[in-house]
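A.B. asks: Right, I'll just put the structure down here and ask away after.
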Amino acid sequence: MVTDKWVVVGAGGHARVVMDALLFSGDIQNSYVFADDDVALHGVEMLGVTVLGSSTQLIQHGTRFHVAVGANRTREMLFSALVDIGGLPFAVTHSSACVSQFAKVAAGSFIAAQAVVAPTSVIGMGVIVNHSAVVDHDCRVGDFSHIAPGATLAGGVVLGRGVLVGAGARLLPGITIGAEAVIGAGAVVTANVGPHAKVLGVPGRVV
Ligand SMILES: CC(C)(COP(=O)(O)OP(=O)(O)OC[C@H]1O[C@@H](n2cnc3c(N)ncnc32)[C@H](O)[C@@H]1OP(=O)(O)O)[C@@H](O)C(=O)NCCC(=O)NCCS
């Protein structure tokens, strides 16, 4: 059941957001399928696109895929497994996002509607820059991180791998966040944060 269409892996809310971005940009439903390991979803149509099967059924060497799963670790595991079998990750950028020509966005990342990525920022692999999030100038966003809706990274912020920046959080200029840290929704981060830490509040405190 291998497909020659481009595969959006996942069939949840985030996957529908990614598919919506592809279709908004003028692509046609017929170019894509969803893949999901939940067999109960196989054959279901969402946004006019069918959930055709599981990712391992649909993807082989040379198949184009985008992992559209919100959870950072799950996204990374699926991405790595599909790259290992020769799948080719593609990035998705909503046509209303504003990505500087001097920014870099790596394979498999998603830049949502109204998001901004400013000059010379570098977005790693499999990253989500969600609706209306801002990545200001000279930031570095580690692989498989997620910058949730409305969050802002000021200039020169550095995120490690697999960081979650919650909705509406603010990171002050030049802050560094360690791998797999979680920044709570609405937090204002005023100092560097170590790996695996959880930060809440205004000003942000490690809890
Ligand atoms: C920070 C976060 C991960 C904490 O999750 P958690 O560890 O499961 O924490 P809980 O929900 O059990 O809450 C624990 C305590 O922290 C408080 N809390 C939770 N999130 C908070 C936040 N963002 N800011 C301030 N306090 C918060 C709760 O009210 C609770 O307080 P209490 O002990 O006095 O009752 C989560 O609340 C959060 O902000 N996630 C970001 C979600 C997001 O933006 N996702 C993007 C989706 S697109």
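Residues are referred to by chain and number: the chain letter is A, B, ... according to the order shown in the structure tokens, the number counts from 1 in that chain, and ligands are numbered separately from 1 in the order shown.
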Give me the chain A side of the contact with ligand 1, cut-off 7 Å, one line per residue showing its nearest atom pair and distance in Å at one decimal, counting only C-alpha atoms and all ligand atoms, sorted by chain and residue number, as JSON lines.
C.D. replies:
{"residue": "A:Ala148", "atom": "CA", "partner": "ligand 1", "partner_atom_place_in_ligand_line": "46 (C)", "distance": 4.6}
{"residue": "A:Pro149", "atom": "CA", "partner": "ligand 1", "partner_atom_place_in_ligand_line": "48 (S)", "distance": 6.0}
{"residue": "A:Val165", "atom": "CA", "partner": "ligand 1", "partner_atom_place_in_ligand_line": "44 (O)", "distance": 6.8}
{"residue": "A:Gly166", "atom": "CA", "partner": "ligand 1", "partner_atom_place_in_ligand_line": "44 (O)", "distance": 3.4}
{"residue": "A:Ala167", "atom": "CA", "partner": "ligand 1", "partner_atom_place_in_ligand_line": "44 (O)", "distance": 3.7}
{"residue": "A:Val182", "atom": "CA", "partner": "ligand 1", "partner_atom_place_in_ligand_line": "3 (C)", "distance": 6.2}
{"residue": "A:Ile183", "atom": "CA", "partner": "ligand 1", "partner_atom_place_in_ligand_line": "1 (C)", "distance": 6.1}
{"residue": "A:Gly184", "atom": "CA", "partner": "ligand 1", "partner_atom_place_in_ligand_line": "39 (O)", "distance": 3.5}
{"residue": "A:Ala185", "atom": "CA", "partner": "ligand 1", "partner_atom_place_in_ligand_line": "23 (N)", "distance": 3.8}
{"residue": "A:Gly186", "atom": "CA", "partner": "ligand 1", "partner_atom_place_in_ligand_line": "23 (N)", "distance": 5.7}
{"residue": "A:Ala187", "atom": "CA", "partner": "ligand 1", "partner_atom_place_in_ligand_line": "24 (N)", "distance": 6.2}
{"residue": "A:Lys198", "atom": "CA", "partner": "ligand 1", "partner_atom_place_in_ligand_line": "1 (C)", "distance": 6.7}
{"residue": "A:Val199", "atom": "CA", "partner": "ligand 1", "partner_atom_place_in_ligand_line": "1 (C)", "distance": 6.9}
{"residue": "A:Leu200", "atom": "CA", "partner": "ligand 1", "partner_atom_place_in_ligand_line": "24 (N)", "distance": 4.8}
{"residue": "A:Gly201", "atom": "CA", "partner": "ligand 1", "partner_atom_place_in_ligand_line": "25 (C)", "distance": 4.9}
A.B. asks: Skipping near chain neighbours, those fewer than 2 positions away, what residues fall within 12 Å of range 112-119 of chain A using only C-alpha atoms, listed as a PyMOL selection string?
C.D. replies: chain A and resi 14-22+24-25+68+91-105+109-110+121-123+127-141+146-157
A.B. asks: Among chain A, which ones does DSSP place in alpha helix (DSSP H), written as a list in words?
C.D. replies: Gly13, His14, Ala15, Arg16, Val17, Val18, Met19, Asp20, Ala21, Leu22, Leu23, Phe24, Ser55, Thr56, Gln57, Leu58, Asn72, Arg73, Thr74, Arg75, Glu76, Met77, Leu78, Phe79, Ser80, Ala81, Leu82, Val83 and Asp84 of chain A
A.B. asks: Taking into account only C-alpha atoms, which residue in the set A:Ile28, A:Ala35, A:Met77, A:Ile175 is nearest to Val8 in chain A?
C.D. replies: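 Of the candidates, the smallest distance to Val8 in chain A is held by A:Ala35.
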A.B. asks: Give me every strand (DSSP E or B) residue in range 68-158 of chain A, going by DSSP on the backbone, as a list in words.
C.D. replies: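 Selection result, strand (DSSP E or B) within range 68-158 of chain A: Leu88, Pro89, Val92, Thr93, Cys98, Val99, Lys104, Val105, Phe110, Ile111, Val116, Val117, Val122, Ile123, Ile128, Val129, Val134, Val135, Arg140, Val141, His146, Ile147, Thr152, Leu153 and Val158 of chain A.
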